[in-house]
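A.B. asks: Starting off with a structure, shown below.
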Amino acid sequence: MNPLWLRGLVPAAALLCGWASPAASQEIEPRAFSPSPTGVTFLLLAAGQSTGGILTDPSLPVDDVDAEINVGVLGLGRTFSLFGRLASVGIAQPYMSANFTGSLDGEPAEASRSGFGDAKLRFAWHFLGNPAMTAQEFARAGPATTVGASISVSAPTGVYHPAKLINVGTNRWAVKPEIGISHPVGQWRLEAAAGVWLFEDNPEFFGGQRREQDPLASVQAHVSYTFRPRLWLAVDATFYDGGETTVDGVDKEDRQSNSRYGATLALPVTRRQSVKLYWNDGASTRIGSDFASWGVAWQWTFIG
């Protein structure tokens with residue numbers, strides 16, 4: 001079989017890799033809407049770390065909060081045909097271990113949290129430029145511009161304790177519809193995506209309160225260069241705005257307006273295995289988390 005068809009496998013797994021990030025709003029996922037063949041199953045193991053500061057609600061008695069968050073992710077994905085077009089579905093389960101330091105009422109304080117985070121599910125469908133193709137057909141097809149849509153769901157399955165201010169889980173559902181485009185220019189690929197996170201209320205927030213959050217919009221842009229099939233480097237950027245919260249009807253004035261930048265490197269290991277390395281950092285942060293993040297993902301590919 002022509003090995004060129006493998007060029008789409010690492011990009012297709014991007015639907016899983018982004019969830020090693022400590023916060024869903026900070027996802028940076030290059031090649032999430034790139035072409036791929038159908039009938040491909042992905043198994044993914046990822047590990048990442050984020051370190052940095054957290055800008056907290058001024059009304060809380062905590063200040064100067066720093067965190068170190070370690071995340072492991074197990075993911076599974078599959079590409080298939082839907083109405084004659086490429087579709088994909090993926091599920092990921094993170095496990096998180098985090099340490100926090102800061103001050104509480106002016107006194108030094110620290111906290112540790114660990115456990116399973118919220119499970120994530122993503123469905124994507126390419127409605128322009130990527131008809132459903134077998135591996136053999138995909139190998140013969142040339143590069144094409146693709147446009148697709150996706151919906152990501154975060155389920156409240158993570159460990160959550162209402163009596164604690166800091167938790168691994170979020171105790172709420174969240175949904176993110178997104179649309180993206182991927183355009184090849186020779187060895188280069190230009191990409192952009194826009195979406196918005198919509199949040200359910202958390203009725204068991206710290207102190208028995210109800211926490212609401214406004215929609216959080218985000219845009220991403222990526223420029224990548226393919227050196228050879230499955231070996232590529234991307235420069236990434238994202239901006240997200242909104243997400244202001246209300247606790248028991250009190251506006252917290254914590255609207256986010258933050259940007260991040262980073263890079264992603266994909267490396268082939270064997271014909272069926274590849275490694276993805278990523279790094280990103282905050283360019284500007286109004287409120288929320290200001291993390292530097294890095295990690296690695298190992299992917300196995302099965303055809304049939």
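Numbering starts fresh at 1 for the residues of each chain in the structure tokens, the chains themselves are lettered A, B, ... in the order given, and ligands are numbered from 1 as they appear.
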For the interface of segment 166-264 of chain A with segment 93-114 of chain A (cut-off 12 Å, counting only C-alpha atoms), please tabulate each contacting residue of segment 166-264 of chain A alongside its nearest pair of atoms and their separation in Å to one decimal, rows sorted by chain and increasing number, as a Markdown table.
C.D. replies:
| residue | atom | partner | partner_atom | distance |
| --- | --- | --- | --- | --- |
| A:Ile166 | CA | A:Arg113 | CA | 7.8 |
| A:Asn167 | CA | A:Arg113 | CA | 6.8 |
| A:Val168 | CA | A:Ser114 | CA | 6.6 |
| A:Gly169 | CA | A:Met96 | CA | 9.6 |
A.B. asks: Go through segment 239-261 of chain A residue by residue and, counting only C-alpha atoms, keep those with an atom at most 12 Å from segment 211-214 of chain A; for each kept residue give the shortest atom pair and its distance in Å to one decimal, ordered by chain and increasing number, as JSON lines.
C.D. replies:
{"residue": "A:Asp241", "atom": "CA", "partner": "A:Asp214", "partner_atom": "CA", "distance": 10.2}
{"residue": "A:Gly242", "atom": "CA", "partner": "A:Asp214", "partner_atom": "CA", "distance": 6.6}
{"residue": "A:Gly243", "atom": "CA", "partner": "A:Asp214", "partner_atom": "CA", "distance": 4.6}
{"residue": "A:Glu244", "atom": "CA", "partner": "A:Asp214", "partner_atom": "CA", "distance": 5.3}
{"residue": "A:Thr245", "atom": "CA", "partner": "A:Gln213", "partner_atom": "CA", "distance": 4.3}
{"residue": "A:Thr246", "atom": "CA", "partner": "A:Glu212", "partner_atom": "CA", "distance": 5.1}
{"residue": "A:Val247", "atom": "CA", "partner": "A:Arg211", "partner_atom": "CA", "distance": 4.5}
{"residue": "A:Asp248", "atom": "CA", "partner": "A:Arg211", "partner_atom": "CA", "distance": 6.5}
{"residue": "A:Gly249", "atom": "CA", "partner": "A:Arg211", "partner_atom": "CA", "distance": 8.4}
{"residue": "A:Val250", "atom": "CA", "partner": "A:Arg211", "partner_atom": "CA", "distance": 9.4}
{"residue": "A:Asp251", "atom": "CA", "partner": "A:Glu212", "partner_atom": "CA", "distance": 9.4}
{"residue": "A:Lys252", "atom": "CA", "partner": "A:Gln213", "partner_atom": "CA", "distance": 10.0}
{"residue": "A:Glu253", "atom": "CA", "partner": "A:Gln213", "partner_atom": "CA", "distance": 11.1}
{"residue": "A:Asp254", "atom": "CA", "partner": "A:Gln213", "partner_atom": "CA", "distance": 10.0}
{"residue": "A:Arg255", "atom": "CA", "partner": "A:Asp214", "partner_atom": "CA", "distance": 8.7}
{"residue": "A:Gln256", "atom": "CA", "partner": "A:Asp214", "partner_atom": "CA", "distance": 10.4}
A.B. asks: Which parts of segment 51-182 of chain A does DSSP call alpha helix (DSSP H) when run on the backbone here, written out as number ranges by chain?
C.D. replies: A: 135-140
A.B. asks: The selected residues should be written to file as a PDB file, in the first residue's frame (atoms: N, CA and C atoms).
C.D. replies:
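selection.pdb, written as the output of this step:
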ATOM      1  N   ALA A 135      -8.580   4.073   2.229  1.00  0.00           N
ATOM      2  CA  ALA A 135      -7.151   4.367   2.300  1.00  0.00           C
ATOM      3  C   ALA A 135      -6.523   4.398   0.913  1.00  0.00           C
ATOM      4  N   GLN A 136      -6.923   3.443   0.036  1.00  0.00           N
ATOM      5  CA  GLN A 136      -6.359   3.405  -1.303  1.00  0.00           C
ATOM      6  C   GLN A 136      -6.775   4.627  -2.112  1.00  0.00           C
ATOM      7  N   GLU A 137      -8.037   5.026  -2.020  1.00  0.00           N
ATOM      8  CA  GLU A 137      -8.515   6.207  -2.736  1.00  0.00           C
ATOM      9  C   GLU A 137      -7.856   7.475  -2.207  1.00  0.00           C
ATOM     10  N   PHE A 138      -7.674   7.530  -0.912  1.00  0.00           N
ATOM     11  CA  PHE A 138      -7.065   8.702  -0.293  1.00  0.00           C
ATOM     12  C   PHE A 138      -5.622   8.867  -0.756  1.00  0.00           C
ATOM     13  N   ALA A 139      -4.914   7.743  -0.948  1.00  0.00           N
ATOM     14  CA  ALA A 139      -3.520   7.791  -1.392  1.00  0.00           C
ATOM     15  C   ALA A 139      -3.402   8.398  -2.784  1.00  0.00           C
ATOM     16  N   ARG A 140      -4.420   8.197  -3.626  1.00  0.00           N
ATOM     17  CA  ARG A 140      -4.376   8.713  -4.999  1.00  0.00           C
ATOM     18  C   ARG A 140      -4.875  10.151  -5.100  1.00  0.00           C
TER      19      ARG A 140
END
A.B. asks: Which is closest to Arg189 of chain A among A:Arg172, A:His126, A:Arg272, A:Arg31, if we use only C-alpha atoms?
C.D. replies: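 Smallest distance to Arg189 of chain A is found for A:Arg31.
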A.B. asks: Between A:Ser182, A:Ser150, A:Gln273, A:Ser257, which residue has the minimum interatomic distance to Thr301 of chain A, considering only C-alpha atoms?
C.D. replies: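 Between A:Ser182, A:Ser150, A:Gln273, A:Ser257, the residue approaching Thr301 of chain A most closely is A:Gln273.
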A.B. asks: Tell me, which residues of segment 45-192 of chain A carry DSSP strand (DSSP E), written as a ChimeraX atom specification?
C.D. replies: /A:45-55,62-82,85-104,107-116,120-128,146-154,174-185,188-192
A.B. asks: Store the residues of this selection in a file with C-alpha atoms, as an mmCIF file, in the first residue's frame.
C.D. replies:
data_model
loop_
_atom_site.group_PDB
_atom_site.id
_atom_site.type_symbol
_atom_site.label_atom_id
_atom_site.label_comp_id
_atom_site.auth_asym_id
_atom_site.auth_seq_id
_atom_site.Cartn_x
_atom_site.Cartn_y
_atom_site.Cartn_z
ATOM 1 C CA LEU A 45 -1.937 8.033 25.070
ATOM 2 C CA ALA A 46 -0.983 11.581 26.027
ATOM 3 C CA ALA A 47 0.754 13.234 28.950
ATOM 4 C CA GLY A 48 1.158 16.922 29.621
ATOM 5 C CA GLN A 49 2.058 19.482 32.251
ATOM 6 C CA SER A 50 0.950 23.061 32.814
ATOM 7 C CA THR A 51 2.510 25.519 35.228
ATOM 8 C CA GLY A 52 1.692 29.116 35.974
ATOM 9 C CA GLY A 53 -0.523 31.533 37.826
ATOM 10 C CA ILE A 54 -4.279 31.752 38.285
ATOM 11 C CA LEU A 55 -5.972 35.151 38.445
ATOM 12 C CA VAL A 62 -7.174 33.833 48.010
ATOM 13 C CA ASP A 63 -4.265 35.560 46.271
ATOM 14 C CA ASP A 64 -1.058 34.790 44.347
ATOM 15 C CA VAL A 65 -2.228 31.337 43.296
ATOM 16 C CA ASP A 66 0.283 29.229 41.343
ATOM 17 C CA ALA A 67 -0.403 25.749 40.038
ATOM 18 C CA GLU A 68 1.357 22.737 38.596
ATOM 19 C CA ILE A 69 -1.076 20.466 36.754
ATOM 20 C CA ASN A 70 -0.107 17.069 35.350
ATOM 21 C CA VAL A 71 -2.521 15.405 32.955
ATOM 22 C CA GLY A 72 -2.681 11.948 31.400
ATOM 23 C CA VAL A 73 -5.199 11.230 28.640
ATOM 24 C CA LEU A 74 -6.465 7.986 27.129
ATOM 25 C CA GLY A 75 -8.303 8.534 23.858
ATOM 26 C CA LEU A 76 -10.004 6.505 21.144
ATOM 27 C CA GLY A 77 -11.182 7.767 17.748
ATOM 28 C CA ARG A 78 -12.623 6.503 14.472
ATOM 29 C CA THR A 79 -13.159 7.955 10.985
ATOM 30 C CA PHE A 80 -16.131 6.856 8.872
ATOM 31 C CA SER A 81 -18.429 7.899 6.034
ATOM 32 C CA LEU A 82 -21.559 9.960 6.713
ATOM 33 C CA ARG A 85 -18.432 12.737 3.489
ATOM 34 C CA LEU A 86 -15.672 12.165 6.018
ATOM 35 C CA ALA A 87 -16.814 12.065 9.634
ATOM 36 C CA SER A 88 -14.978 11.250 12.834
ATOM 37 C CA VAL A 89 -15.800 10.622 16.463
ATOM 38 C CA GLY A 90 -13.459 10.570 19.433
ATOM 39 C CA ILE A 91 -13.670 10.136 23.178
ATOM 40 C CA ALA A 92 -11.013 11.041 25.731
ATOM 41 C CA GLN A 93 -10.688 10.474 29.454
ATOM 42 C CA PRO A 94 -8.177 12.636 31.356
ATOM 43 C CA TYR A 95 -6.617 11.948 34.737
ATOM 44 C CA MET A 96 -5.245 14.974 36.560
ATOM 45 C CA SER A 97 -2.892 15.583 39.457
ATOM 46 C CA ALA A 98 -2.458 19.184 40.564
ATOM 47 C CA ASN A 99 -0.703 21.163 43.281
ATOM 48 C CA PHE A 100 -1.683 24.734 44.183
ATOM 49 C CA THR A 101 0.095 27.294 46.343
ATOM 50 C CA GLY A 102 -0.991 30.787 47.358
ATOM 51 C CA SER A 103 -2.284 32.771 50.289
ATOM 52 C CA LEU A 104 -5.595 32.430 52.132
ATOM 53 C CA GLU A 107 -1.551 33.320 55.254
ATOM 54 C CA PRO A 108 0.439 30.838 53.095
ATOM 55 C CA ALA A 109 -1.704 27.928 51.899
ATOM 56 C CA GLU A 110 -1.454 24.979 49.570
ATOM 57 C CA ALA A 111 -3.759 22.316 48.181
ATOM 58 C CA SER A 112 -3.479 19.157 46.112
ATOM 59 C CA ARG A 113 -6.106 17.528 43.902
ATOM 60 C CA SER A 114 -6.072 14.347 41.832
ATOM 61 C CA GLY A 115 -8.540 12.111 40.070
ATOM 62 C CA PHE A 116 -10.364 11.586 36.804
ATOM 63 C CA LYS A 120 -14.778 14.608 26.463
ATOM 64 C CA LEU A 121 -16.537 13.554 23.266
ATOM 65 C CA ARG A 122 -16.045 15.169 19.837
ATOM 66 C CA PHE A 123 -17.874 14.566 16.570
ATOM 67 C CA ALA A 124 -16.723 16.195 13.318
ATOM 68 C CA TRP A 125 -18.067 16.165 9.760
ATOM 69 C CA HIS A 126 -16.411 17.581 6.628
ATOM 70 C CA PHE A 127 -19.126 19.003 4.409
ATOM 71 C CA LEU A 128 -16.847 20.507 1.735
ATOM 72 C CA THR A 146 -11.655 21.179 3.403
ATOM 73 C CA VAL A 147 -14.376 22.833 5.463
ATOM 74 C CA GLY A 148 -15.980 21.065 8.391
ATOM 75 C CA ALA A 149 -18.013 21.440 11.540
ATOM 76 C CA SER A 150 -17.668 19.763 14.897
ATOM 77 C CA ILE A 151 -19.352 19.572 18.257
ATOM 78 C CA SER A 152 -17.472 18.818 21.471
ATOM 79 C CA VAL A 153 -19.164 17.769 24.693
ATOM 80 C CA SER A 154 -17.658 17.857 28.175
ATOM 81 C CA ALA A 174 -20.482 22.045 28.402
ATOM 82 C CA VAL A 175 -20.936 21.990 24.619
ATOM 83 C CA LYS A 176 -18.788 23.582 21.928
ATOM 84 C CA PRO A 177 -19.979 23.871 18.306
ATOM 85 C CA GLU A 178 -17.137 24.815 15.959
ATOM 86 C CA ILE A 179 -16.472 25.354 12.254
ATOM 87 C CA GLY A 180 -13.052 25.129 10.622
ATOM 88 C CA ILE A 181 -11.224 25.344 7.304
ATOM 89 C CA SER A 182 -7.961 23.767 6.147
ATOM 90 C CA HIS A 183 -6.254 24.986 2.960
ATOM 91 C CA PRO A 184 -3.070 23.493 1.412
ATOM 92 C CA VAL A 185 -0.469 25.672 -0.326
ATOM 93 C CA TRP A 188 2.206 24.443 3.687
ATOM 94 C CA ARG A 189 -1.239 24.170 5.257
ATOM 95 C CA LEU A 190 -3.224 27.168 6.497
ATOM 96 C CA GLU A 191 -6.017 26.608 9.006
ATOM 97 C CA ALA A 192 -8.576 28.567 10.980
#
A.B. asks: One decimal, Å: what's the distance from atom CA of Ile28 of chain A over to atom CA of Ala237 of chain A, could you say?
C.D. replies: 7.1 Å
A.B. asks: For a quick check of understanding, using only C-alpha atoms, which of A:Leu231, A:Val159, A:Ala283, A:Val223 has the smallest distance to Glu29 of chain A?
C.D. replies: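 Looking only at the distances to Glu29 of chain A, the closest residue turns out to be A:Val223.
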A.B. asks: Looking at A:Tyr160, A:Phe302, A:Phe227, A:Phe239, which one is nearest to Phe205 of chain A, with distances taken over only C-alpha atoms?
C.D. replies: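 Once distances to Phe205 of chain A are computed over only C-alpha atoms, the minimum belongs to A:Tyr160.
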A.B. asks: So what do you get for atom CA of Leu277 of chain A versus atom CA of Val296 of chain A, distance-wise?
C.D. replies: 4.6 Å
A.B. asks: Suppose you want the space between atom CA of Ala292 of chain A and atom CA of Tyr261 of chain A; what is it in Å?
C.D. replies: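 Taking atom CA of Ala292 of chain A and atom CA of Tyr261 of chain A, their separation equals 9.9 Å.
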